[in-house]
$ cat input_13.pdb   # PDB, C-alpha atoms and all ligand atoms
ATOM      1  CA  MET A   9      62.148 242.520 -12.791
ATOM      2  CA  ASN A  10      60.205 240.019 -14.912
ATOM      3  CA  LEU A  11      60.315 236.656 -13.175
ATOM      4  CA  THR A  12      58.058 234.675 -15.540
ATOM      5  CA  PRO A  13      60.589 233.850 -18.307
ATOM      6  CA  PHE A  14      63.256 233.323 -15.645
ATOM      7  CA  PHE A  15      61.122 230.711 -13.864
ATOM      8  CA  GLU A  16      60.297 228.900 -17.099
ATOM      9  CA  THR A  17      64.007 228.329 -17.746
ATOM     10  CA  ALA A  18      65.009 227.768 -14.117
ATOM     11  CA  VAL A  19      62.296 225.194 -13.381
ATOM     12  CA  ALA A  20      63.323 223.285 -16.529
ATOM     13  CA  GLN A  21      66.945 223.320 -15.316
ATOM     14  CA  LEU A  22      65.926 222.121 -11.836
ATOM     15  CA  ASN A  23      63.978 219.311 -13.467
ATOM     16  CA  ARG A  24      66.994 218.324 -15.576
ATOM     17  CA  ASN A  25      69.285 218.368 -12.503
ATOM     18  CA  LYS A  26      66.895 216.151 -10.552
ATOM     19  CA  SER A  27      66.608 213.707 -13.478
ATOM     20  CA  ALA A  28      70.412 213.605 -13.764
ATOM     21  CA  GLU A  29      70.594 212.449 -10.113
ATOM     22  CA  LEU A  30      68.773 209.285 -11.202
ATOM     23  CA  GLY A  31      71.563 208.390 -13.664
ATOM     24  CA  ASP A  32      71.204 207.506 -17.330
ATOM     25  CA  ARG A  33      67.607 206.263 -17.479
ATOM     26  CA  THR A  34      68.042 204.816 -20.948
ATOM     27  CA  ARG A  35      70.128 202.079 -19.289
ATOM     28  CA  TYR A  36      67.632 200.749 -16.754
ATOM     29  CA  ILE A  37      63.979 200.419 -15.775
ATOM     30  CA  GLY A  38      63.072 202.054 -12.490
ATOM     31  CA  SER A  39      60.401 201.480  -9.858
ATOM     32  CA  SER A  40      58.279 204.343 -11.187
ATOM     33  CA  ASP A  41      58.280 202.729 -14.661
ATOM     34  CA  VAL A  42      57.270 199.127 -14.038
ATOM     35  CA  GLY A  43      53.665 199.702 -13.055
ATOM     36  CA  GLY A  44      53.135 202.270 -15.797
ATOM     37  CA  CYS A  45      52.667 202.439 -19.519
ATOM     38  CA  ALA A  46      55.261 200.676 -21.718
ATOM     39  CA  ARG A  47      54.632 203.124 -24.590
ATOM     40  CA  MET A  48      55.332 206.150 -22.372
ATOM     41  CA  VAL A  49      58.509 204.564 -20.961
ATOM     42  CA  TYR A  50      59.695 203.681 -24.473
ATOM     43  CA  LEU A  51      59.060 207.170 -25.880
ATOM     44  CA  GLN A  52      60.571 208.891 -22.830
ATOM     45  CA  ARG A  53      63.796 206.988 -23.464
ATOM     46  CA  LYS A  54      63.852 207.043 -27.276
ATOM     47  CA  HIS A  55      62.358 210.476 -27.953
ATOM     48  CA  PRO A  56      62.753 212.449 -24.730
ATOM     49  CA  SER A  57      60.651 215.570 -24.628
ATOM     50  CA  GLU A  58      60.592 218.122 -21.855
ATOM     51  CA  PRO A  59      57.260 218.274 -20.000
ATOM     52  CA  ASP A  60      55.396 221.587 -20.044
ATOM     53  CA  PHE A  61      56.002 224.168 -17.316
ATOM     54  CA  THR A  62      52.936 223.187 -15.260
ATOM     55  CA  THR A  63      53.897 219.512 -15.215
ATOM     56  CA  MET A  64      57.498 220.357 -14.268
ATOM     57  CA  LEU A  65      56.292 222.585 -11.434
ATOM     58  CA  LYS A  66      54.086 219.727 -10.210
ATOM     59  CA  PHE A  67      57.122 217.396 -10.298
ATOM     60  CA  SER A  68      59.022 219.955  -8.189
ATOM     61  CA  ARG A  69      56.271 219.730  -5.584
ATOM     62  CA  GLY A  70      57.534 216.196  -4.910
ATOM     63  CA  HIS A  71      61.083 217.451  -4.275
ATOM     64  CA  VAL A  72      59.782 220.162  -1.932
ATOM     65  CA  ALA A  73      57.810 217.571   0.033
ATOM     66  CA  GLU A  74      60.891 215.332   0.321
ATOM     67  CA  THR A  75      62.982 218.183   1.723
ATOM     68  CA  LEU A  76      60.211 219.105   4.149
ATOM     69  CA  ILE A  77      59.814 215.559   5.498
ATOM     70  CA  ASP A  78      63.605 215.226   5.772
ATOM     71  CA  ASP A  79      63.721 218.502   7.746
ATOM     72  CA  ILE A  80      60.931 217.286  10.033
ATOM     73  CA  PHE A  81      62.778 214.002  10.700
ATOM     74  CA  LYS A  82      66.001 215.938  11.363
ATOM     75  CA  ALA A  83      64.230 218.331  13.733
ATOM     76  CA  ALA A  84      62.907 215.312  15.628
ATOM     77  CA  GLY A  85      66.466 213.961  15.888
ATOM     78  CA  ILE A  86      65.820 210.703  14.059
ATOM     79  CA  ASN A  87      68.036 211.305  11.022
ATOM     80  CA  HIS A  88      70.471 208.620  12.218
ATOM     81  CA  LEU A  89      67.761 206.029  11.529
ATOM     82  CA  TYR A  90      67.529 206.429   7.758
ATOM     83  CA  ASP A  91      69.186 207.335   4.464
ATOM     84  CA  THR A  92      67.565 209.215   1.603
ATOM     85  CA  GLN A  93      67.548 208.421  -2.095
ATOM     86  CA  VAL A  94      68.984 204.961  -1.574
ATOM     87  CA  GLU A  95      69.666 203.174  -4.843
ATOM     88  CA  LEU A  96      68.702 199.500  -5.054
ATOM     89  CA  ARG A  97      69.877 197.434  -8.028
ATOM     90  CA  HIS A  98      68.903 194.025  -9.285
ATOM     91  CA  PRO A  99      72.080 191.877  -9.264
ATOM     92  CA  VAL A 100      71.524 190.589 -12.807
ATOM     93  CA  TYR A 101      69.043 192.724 -14.740
ATOM     94  CA  PRO A 102      69.026 196.487 -15.359
ATOM     95  CA  LEU A 103      66.254 197.084 -12.824
ATOM     96  CA  ARG A 104      66.735 199.779 -10.210
ATOM     97  CA  ALA A 105      64.878 201.780  -7.599
ATOM     98  CA  HIS A 106      65.615 204.995  -5.759
ATOM     99  CA  VAL A 107      64.046 204.808  -2.338
ATOM    100  CA  ASP A 108      62.971 208.164  -0.884
ATOM    101  CA  PHE A 109      63.678 207.160   2.738
ATOM    102  CA  LEU A 110      65.155 203.844   3.850
ATOM    103  CA  PHE A 111      64.924 203.319   7.600
ATOM    104  CA  TYR A 112      67.341 200.854   9.201
ATOM    105  CA  ALA A 113      65.678 200.817  12.613
ATOM    106  CA  ASP A 114      62.372 201.632  14.270
ATOM    107  CA  PHE A 115      61.931 204.507  16.761
ATOM    108  CA  ASP A 116      62.952 202.126  19.581
ATOM    109  CA  ASN A 117      66.226 201.450  17.670
ATOM    110  CA  LYS A 118      65.248 197.830  16.959
ATOM    111  CA  PRO A 119      66.712 196.859  13.572
ATOM    112  CA  VAL A 120      64.134 196.769  10.797
ATOM    113  CA  LEU A 121      64.284 197.857   7.196
ATOM    114  CA  HIS A 122      61.419 200.145   6.273
ATOM    115  CA  ILE A 123      60.942 201.797   2.900
ATOM    116  CA  LEU A 124      59.085 205.094   3.027
ATOM    117  CA  GLU A 125      57.847 206.271  -0.363
ATOM    118  CA  LEU A 126      56.650 209.855  -0.393
ATOM    119  CA  LYS A 127      53.830 211.106  -2.622
ATOM    120  CA  SER A 128      52.904 214.752  -2.883
ATOM    121  CA  VAL A 129      49.272 215.063  -3.987
ATOM    122  CA  ASN A 130      46.444 217.527  -4.342
ATOM    123  CA  ASN A 131      43.915 215.427  -2.507
ATOM    124  CA  ILE A 132      44.852 212.390  -0.486
ATOM    125  CA  PRO A 133      43.048 209.375  -2.001
ATOM    126  CA  ASP A 134      41.114 206.907   0.184
ATOM    127  CA  GLU A 135      43.269 204.059  -1.117
ATOM    128  CA  PRO A 136      46.810 204.138  -2.532
ATOM    129  CA  TYR A 137      46.807 204.183  -6.342
ATOM    130  CA  PRO A 138      47.726 200.828  -7.993
ATOM    131  CA  HIS A 139      50.753 202.530  -9.541
ATOM    132  CA  TRP A 140      52.046 203.457  -6.058
ATOM    133  CA  ILE A 141      51.544 199.891  -4.826
ATOM    134  CA  ASP A 142      53.477 198.510  -7.808
ATOM    135  CA  GLN A 143      56.289 200.944  -7.078
ATOM    136  CA  ILE A 144      56.727 200.016  -3.416
ATOM    137  CA  THR A 145      56.308 196.281  -4.161
ATOM    138  CA  PHE A 146      59.099 196.515  -6.731
ATOM    139  CA  GLN A 147      61.311 198.398  -4.227
ATOM    140  CA  LEU A 148      60.644 195.801  -1.514
ATOM    141  CA  GLY A 149      61.531 193.068  -4.014
ATOM    142  CA  LEU A 150      64.918 194.612  -4.751
ATOM    143  CA  LEU A 151      65.516 195.188  -1.031
ATOM    144  CA  ARG A 152      64.682 191.546  -0.292
ATOM    145  CA  ILE A 153      67.350 190.409  -2.785
ATOM    146  CA  GLN A 154      69.903 192.598  -1.009
ATOM    147  CA  TYR A 155      68.810 191.578   2.505
ATOM    148  CA  PRO A 156      67.371 188.037   2.195
ATOM    149  CA  LYS A 157      66.918 187.519   5.954
ATOM    150  CA  ALA A 158      66.092 191.007   7.255
ATOM    151  CA  LYS A 159      62.797 192.012   8.825
ATOM    152  CA  MET A 160      61.355 194.541   6.411
ATOM    153  CA  GLY A 161      58.264 196.453   5.382
ATOM    154  CA  GLY A 162      57.195 199.606   3.685
ATOM    155  CA  SER A 163      54.725 202.440   3.641
ATOM    156  CA  ILE A 164      53.570 205.267   1.433
ATOM    157  CA  LEU A 165      53.310 208.712   2.957
ATOM    158  CA  ALA A 166      50.854 210.864   0.994
ATOM    159  CA  ILE A 167      51.138 214.569   1.716
ATOM    160  CA  ASP A 168      48.784 217.351   0.609
ATOM    161  CA  LEU A 169      50.745 220.531   1.245
ATOM    162  CA  ASN A 170      47.855 222.839   0.270
ATOM    163  CA  ALA A 171      45.455 221.257   2.734
ATOM    164  CA  GLY A 172      48.185 220.644   5.336
ATOM    165  CA  LYS A 173      47.358 216.945   5.561
ATOM    166  CA  LEU A 174      49.334 213.747   5.475
ATOM    167  CA  HIS A 175      48.387 210.102   5.617
ATOM    168  CA  GLN A 176      50.507 206.993   5.955
ATOM    169  CA  PHE A 177      49.395 203.928   3.993
ATOM    170  CA  ASN A 178      51.244 201.380   6.075
ATOM    171  CA  GLY A 179      51.762 197.628   6.167
ATOM    172  CA  PHE A 180      53.321 196.833   2.789
ATOM    173  CA  GLU A 181      55.319 193.616   2.798
ATOM    174  CA  HIS A 182      57.496 191.788   0.325
ATOM    175  CA  ASN A 183      55.294 189.767  -2.004
ATOM    176  CA  ASP A 184      57.213 187.217  -4.038
ATOM    177  CA  SER A 185      54.710 186.575  -6.816
ATOM    178  CA  LEU A 186      53.716 190.227  -7.314
ATOM    179  CA  CYS A 187      57.347 191.208  -7.298
ATOM    180  CA  ASN A 188      58.269 188.566  -9.895
ATOM    181  CA  TYR A 189      55.430 189.823 -12.063
ATOM    182  CA  LEU A 190      56.819 193.372 -11.830
ATOM    183  CA  PHE A 191      60.370 192.185 -12.589
ATOM    184  CA  THR A 192      58.947 190.415 -15.666
ATOM    185  CA  ARG A 193      57.189 193.637 -16.688
ATOM    186  CA  GLY A 194      60.478 195.511 -16.249
ATOM    187  CA  LEU A 195      62.235 192.965 -18.476
ATOM    188  CA  HIS A 196      59.453 193.322 -21.049
ATOM    189  CA  MET A 197      60.127 197.075 -21.059
ATOM    190  CA  ILE A 198      63.842 196.386 -21.580
ATOM    191  CA  ASP A 199      62.909 194.188 -24.587
ATOM    192  CA  CYS A 200      60.759 197.037 -25.904
ATOM    193  CA  LEU A 201      63.723 199.414 -25.591
ATOM    194  CA  ASP A 202      65.826 196.887 -27.531
ATOM    195  CA  ASP A 203      63.055 196.850 -30.173
ATOM    196  CA  LYS A 204      62.394 193.158 -29.549
ATOM    197  CA  GLU A 205      58.807 193.729 -28.422
ATOM    198  CA  GLU A 206      56.145 196.313 -29.112
ATOM    199  CA  PRO A 207      55.587 198.840 -26.310
ATOM    200  CA  LYS A 208      51.817 198.834 -25.820
ATOM    201  CA  ALA A 209      49.961 201.857 -24.471
ATOM    202  CA  SER A 210      47.995 201.375 -21.261
ATOM    203  CA  ALA A 211      45.923 204.283 -19.997
ATOM    204  CA  SER A 212      45.977 205.251 -16.330
ATOM    205  CA  HIS A 213      45.862 208.425 -14.244
ATOM    206  CA  MET A 214      49.505 208.940 -15.374
ATOM    207  CA  CYS A 215      48.170 209.905 -18.828
ATOM    208  CA  SER A 216      47.542 213.395 -17.454
ATOM    209  CA  PHE A 217      51.332 213.871 -17.073
ATOM    210  CA  CYS A 218      52.212 212.210 -20.386
ATOM    211  CA  SER A 219      53.892 214.217 -23.145
ATOM    212  CA  TYR A 220      52.976 211.615 -25.778
ATOM    213  CA  ARG A 221      49.194 211.852 -25.633
ATOM    214  CA  SER A 222      48.588 213.566 -28.958
ATOM    215  CA  ASP A 223      49.207 210.476 -31.092
ATOM    216  CA  CYS A 224      48.553 207.824 -28.452
ATOM    217  CA  PRO A 225      46.253 205.039 -29.720
ATOM    218  CA  GLU A 226      44.572 204.890 -26.289
ATOM    219  CA  MET A 227      43.594 208.538 -26.672
ATOM    220  CA  ASN A 228      42.588 208.473 -30.332
ATOM    221  CA  LEU A 229      39.041 207.563 -31.250
ATOM    222  CA  PRO A 230      37.691 206.691 -34.704
ATOM    223  CA  LYS A 231      36.456 209.745 -36.628
ATOM    224  CA  VAL A 232      32.647 209.887 -36.971
ATOM    225  CA  GLU A 233      30.035 212.410 -38.203
ATOM    226  CA  LEU A 234      28.024 213.630 -35.221
ATOM    227  CA  PRO A 235      24.676 215.410 -35.726
ATOM    228  CA  PRO A 236      25.250 219.140 -34.990
ATOM    229  CA  GLU A 237      22.802 219.176 -32.055
ATOM    230  CA  ILE A 238      24.573 216.194 -30.451
ATOM    231  CA  GLU A 239      27.928 217.869 -30.968
ATOM    232  CA  ALA A 240      26.573 221.055 -29.359
ATOM    233  CA  LEU A 241      25.221 219.052 -26.410
ATOM    234  CA  ALA A 242      28.536 217.226 -25.983
ATOM    235  CA  ASN A 243      30.409 220.559 -26.031
ATOM    236  CA  LYS A 244      28.016 221.902 -23.384
ATOM    237  CA  TYR A 245      28.636 218.754 -21.311
ATOM    238  CA  VAL A 246      32.427 219.309 -21.499
ATOM    239  CA  GLU A 247      32.023 222.974 -20.593
ATOM    240  CA  LEU A 248      29.794 222.225 -17.575
ATOM    241  CA  ASN A 249      32.093 219.430 -16.470
ATOM    242  CA  GLU A 250      35.058 221.824 -16.491
ATOM    243  CA  ILE A 251      33.069 224.353 -14.456
ATOM    244  CA  ARG A 252      32.140 221.582 -12.012
ATOM    245  CA  HIS A 253      35.769 220.483 -11.765
ATOM    246  CA  ASP A 254      36.935 224.075 -11.087
ATOM    247  CA  THR A 255      34.071 224.560  -8.634
ATOM    248  CA  ASP A 256      34.982 221.374  -6.748
ATOM    249  CA  LYS A 257      38.581 222.548  -6.462
ATOM    250  CA  GLU A 258      37.502 225.976  -5.242
ATOM    251  CA  LEU A 259      35.025 224.450  -2.792
ATOM    252  CA  GLN A 260      37.788 222.244  -1.372
ATOM    253  CA  SER A 261      40.143 225.175  -0.926
ATOM    254  CA  ILE A 262      37.429 227.375   0.698
ATOM    255  CA  ARG A 263      36.470 224.455   2.943
ATOM    256  CA  ASN A 264      40.105 224.170   4.111
ATOM    257  CA  GLU A 265      40.287 227.900   4.861
ATOM    258  CA  LEU A 266      36.990 227.834   6.767
ATOM    259  CA  LEU A 267      38.131 224.834   8.822
ATOM    260  CA  GLU A 268      41.381 226.618   9.602
ATOM    261  CA  PHE A 269      39.273 229.339  11.199
ATOM    262  CA  THR A 270      36.705 227.150  12.951
ATOM    263  CA  GLY A 271      38.727 224.097  13.951
ATOM    264  CA  SER A 272      36.867 220.796  14.205
ATOM    265  CA  SER A 273      33.978 222.106  16.305
ATOM    266  CA  PHE A 274      32.139 225.393  15.817
ATOM    267  CA  LYS A 275      28.636 226.854  15.852
ATOM    268  CA  GLY A 276      27.782 230.452  15.061
ATOM    269  CA  ARG A 277      25.857 232.853  12.865
ATOM    270  CA  SER A 278      26.393 236.337  11.537
ATOM    271  CA  ASP A 279      23.671 238.506   9.999
ATOM    272  CA  ASP A 280      24.182 236.716   6.680
ATOM    273  CA  ILE A 281      25.342 233.217   7.320
ATOM    274  CA  GLU A 282      25.228 230.291   9.694
ATOM    275  CA  LEU A 283      28.364 228.259  10.199
ATOM    276  CA  ALA A 284      28.439 224.896  11.984
ATOM    277  CA  VAL A 285      31.269 222.399  12.120
ATOM    278  CA  SER A 286      31.131 219.086  13.922
ATOM    279  CA  THR A 287      33.127 215.894  13.936
ATOM    280  CA  VAL A 288      31.675 212.672  12.651
ATOM    281  CA  ALA A 289      32.974 209.812  14.813
ATOM    282  CA  PRO A 290      35.083 207.192  13.061
ATOM    283  CA  SER A 291      33.202 204.103  11.993
ATOM    284  CA  GLN A 292      34.285 200.597  11.035
ATOM    285  CA  VAL A 293      34.274 199.054   7.604
ATOM    286  CA  VAL A 294      35.454 195.681   6.356
ATOM    287  CA  ASP A 295      39.008 195.826   5.019
ATOM    288  CA  THR A 296      38.360 193.904   1.803
ATOM    289  CA  LYS A 297      42.042 193.646   0.908
ATOM    290  CA  LEU A 298      42.851 192.078   4.287
ATOM    291  CA  LEU A 299      39.837 189.788   4.036
ATOM    292  CA  LYS A 300      40.983 188.605   0.591
ATOM    293  CA  ASN A 301      44.571 187.992   1.810
ATOM    294  CA  ARG A 302      43.795 186.317   5.142
ATOM    295  CA  TYR A 303      40.631 184.420   4.262
ATOM    296  CA  PRO A 304      40.843 183.701   0.521
ATOM    297  CA  ASP A 305      38.275 180.854   0.854
ATOM    298  CA  ILE A 306      35.679 183.046   2.513
ATOM    299  CA  TYR A 307      36.208 186.101   0.303
ATOM    300  CA  PRO A 308      34.305 184.784  -2.780
ATOM    301  CA  GLU A 309      31.371 183.801  -0.525
ATOM    302  CA  VAL A 310      30.790 187.365   0.676
ATOM    303  CA  LEU A 311      31.036 188.959  -2.765
ATOM    304  CA  LYS A 312      27.826 190.372  -4.164
ATOM    305  CA  GLU A 313      27.230 191.663  -7.616
ATOM    306  CA  ARG A 314      27.289 195.403  -8.161
ATOM    307  CA  ALA A 315      24.951 196.687 -10.845
ATOM    308  CA  GLY A 316      26.710 197.929 -13.967
ATOM    309  CA  TYR A 317      26.100 201.421 -15.332
ATOM    310  CA  THR A 318      26.534 203.393 -18.519
ATOM    311  CA  LYS A 319      29.772 205.356 -18.580
ATOM    312  CA  LEU A 320      29.838 208.591 -20.586
ATOM    313  CA  GLU A 321      33.221 210.085 -21.443
ATOM    314  CA  CYS A 322      33.265 213.374 -23.241
ATOM    315  CA  ARG A 323      36.315 215.561 -23.764
ATOM    316  CA  SER A 324      37.477 218.164 -26.238
ATOM    317  CA  SER A 325      39.323 216.632 -29.192
ATOM    318  CA  ARG A 326      41.109 219.888 -30.033
TER
HETATM  319  S1  LIG A 401      48.704 208.929 -22.974
HETATM  320 FE1  LIG A 401      48.546 207.321 -21.411
HETATM  321  S2  LIG A 401      48.343 205.426 -22.559
HETATM  322 FE2  LIG A 401      49.119 206.974 -24.009
HETATM  323  S3  LIG A 401      51.344 206.767 -23.930
HETATM  324 FE3  LIG A 401      50.805 208.326 -22.464
HETATM  325  S4  LIG A 401      50.603 207.200 -20.496
HETATM  326 FE4  LIG A 401      50.532 205.690 -22.157
END
$ encode --input "input_13.pdb" --output "structure tokens" --more "lines below"
Ligand code: SF4
Amino acid sequence: MNLTPFFETAVAQLNRNKSAELGDRTRYIGSSDVGGCARMVYLQRKHPSEPDFTTMLKFSRGHVAETLIDDIFKAAGINHLYDTQVELRHPVYPLRAHVDFLFYADFDNKPVLHILELKSVNNIPDEPYPHWIDQITFQLGLLRIQYPKAKMGGSILAIDLNAGKLHQFNGFEHNDSLCNYLFTRGLHMIDCLDDKEEPKASASHMCSFCSYRSDCPEMNLPKVELPPEIEALANKYVELNEIRHDTDKELQSIRNELLEFTGSSFKGRSDDIELAVSTVAPSQVVDTKLLKNRYPDIYPEVLKERAGYTKLECRSSR
């Protein structure tokens, strides 16, 4: 039984089924589009191309995480508090969002609308990515139009299934000006789709999932003659960087396995190796975002200049 070709076809079909659940995406701009790259959105709609197998499998990780969280909520008996995949539509423009989990009440049954956006990741970032923030802000904006008076908020639940970790980035609120900006961006994307405006490329971490990289102006550099020794050094740099990247990933996975064995506190040695695990107590840092929001007059006074540095980017052009 050879499962490899089977999986390649079946994962593609699963991906198509999941996309179909979101309706005809050529007809609207969604919450995952507005914060992203107009060129990618345009090409996805006008010249759809199926992502490669690895990317599709990574997309499926998101669906697995959604089912898992839903099962956990059901097991805890709180499934009466929320709906999944709730569609929100702008009353006038073709702007829509599909909310992963929309809670209608808190655990104490007090009415509150709470959007929970789920993100399945490899490593949980220290701060939510800007693209995630745009997405939940856009969703809260559409929810506010539907429920002008309701108490509402939102959070992003990042889950790393490999490491068995999750983290809630909480406290998102409806923000009128940010939301209007995102609606305007959505309308700009609609104009691009109607060929009234040019869809400009804007690079972000989403480029790694993009099927339109090969001829993207953001990815293409002017052709130059490099001295052979510089080219050789640059190739070596790329090679070492890849090794470092793979090593970091392997280190992280070994670290997780070791911690599974030791727990958060351990001291011991074998004939070959010493192993010590301890917990560093939490410390306090200034929440710069909160400072900026609550004390906008003070914020500029506590800013200090950070020294610039030379950024070297080197990647294979083949
Ligand atoms: S590679 Fe990046 S910048 Fe270029 S189209 Fe794709 S997402 Fe946009």
$ atom_distance --input "input_13.pdb" --atom1 "CA of Ser261 in chain A" --atom2 "CA of Met64 in chain A"
22.4 Å
$ closest_residue --input "input_13.pdb" --among "A:Asp32, A:Asp199, A:Asp168, A:Asp254" --to "Ala73 in chain A" --atoms "only C-alpha atoms"
A:Asp168
$ atom_distance --input "input_13.pdb" --atom1 "CA of Thr34 in chain A" --atom2 "CA of Arg53 in chain A"
5.4 Å
$ resolve_selection --input "input_13.pdb" --expression "the PyMOL selection byres (((not hetatm)) within 10 of (chain A and resi 401))" --output "PyMOL selection string"
chain A and resi 44-52+207-228
$ resolve_selection --input "input_13.pdb" --expression "the PyMOL selection byres (((chain A and resi 147) around 8) and not hetatm)" --output "ChimeraX atom specification"
/A:39,96,105,107,123,143-146,148-151
$ residues_near_point --input "input_13.pdb" --point "(45.4, 206.0, 0.3)" --cutoff "10 Å" --atoms "all atoms listed in the file" --output "PyMOL selection string"
chain A and resi 131-137+140+164-166+175-178
$ residues_around --input "input_13.pdb" --residues "Gly194 in chain A" --least-positions-apart "3" --cutoff "9 Å" --atoms "only C-alpha atoms" --output "VMD selection string"
chain A and resid 36 to 39 41 to 43 102 to 103 189 to 191 197 to 199
$ closest_residue --input "input_13.pdb" --among "A:Ile262, A:Leu89, A:Leu22, A:Ala83" --to "Arg69 in chain A" --atoms "all atoms listed in the file"
A:Leu22
$ closest_residue --input "input_13.pdb" --among "A:Ser278, A:Lys319, A:Ala171, A:Ser286" --to "Arg263 in chain A" --atoms "all atoms listed in the file"
A:Ala171
$ resolve_selection --input "input_13.pdb" --expression "the PyMOL selection byres (((chain A and resi 112-117) around 10) and not hetatm)" --output "VMD selection string"
chain A and resid 86 88 to 91 109 to 111 118 to 123 159 to 160
$ closest_residue --input "input_13.pdb" --among "A:Val19, A:Lys54, A:Glu29, A:Leu11" --to "Asp203 in chain A" --atoms "only C-alpha atoms"
A:Lys54
$ atom_distance --input "input_13.pdb" --atom1 "CA of Arg302 in chain A" --atom2 "CA of Thr192 in chain A"
26.1 Å
$ residues_around --input "input_13.pdb" --residues "Asn87 in chain A" --least-positions-apart "5" --cutoff "8 Å" --atoms "all atoms listed in the file" --output "NGL selection string"
:A and (78 or 81-82)
$ closest_residue --input "input_13.pdb" --among "A:Gly31, A:His55, A:Ser324, A:Ile306" --to "Leu201 in chain A" --atoms "all atoms listed in the file"
A:His55
$ residues_near_point --input "input_13.pdb" --point "(59.7, 214.0, -11.2)" --cutoff "10 Å" --atoms "all atoms listed in the file" --output "list in words"
Asn23, Arg24, Lys26, Ser27, Ser40, Thr63, Met64, Leu65, Lys66, Phe67, Ser68, Arg69, Gly70 and His71 of chain A
$ residues_around --input "input_13.pdb" --residues "range 241-248 of chain A" --least-positions-apart "6" --cutoff "12 Å" --atoms "only C-alpha atoms" --output "list in words"
Leu234, Pro235, Asp254, Thr255, Leu320, Glu321, Cys322, Arg323, Ser324, Ser325 and Arg326 of chain A
$ closest_residue --input "input_13.pdb" --among "A:Ile238, A:Leu259, A:Val288, A:Ala20" --to "Ser273 in chain A" --atoms "all atoms listed in the file"
A:Val288
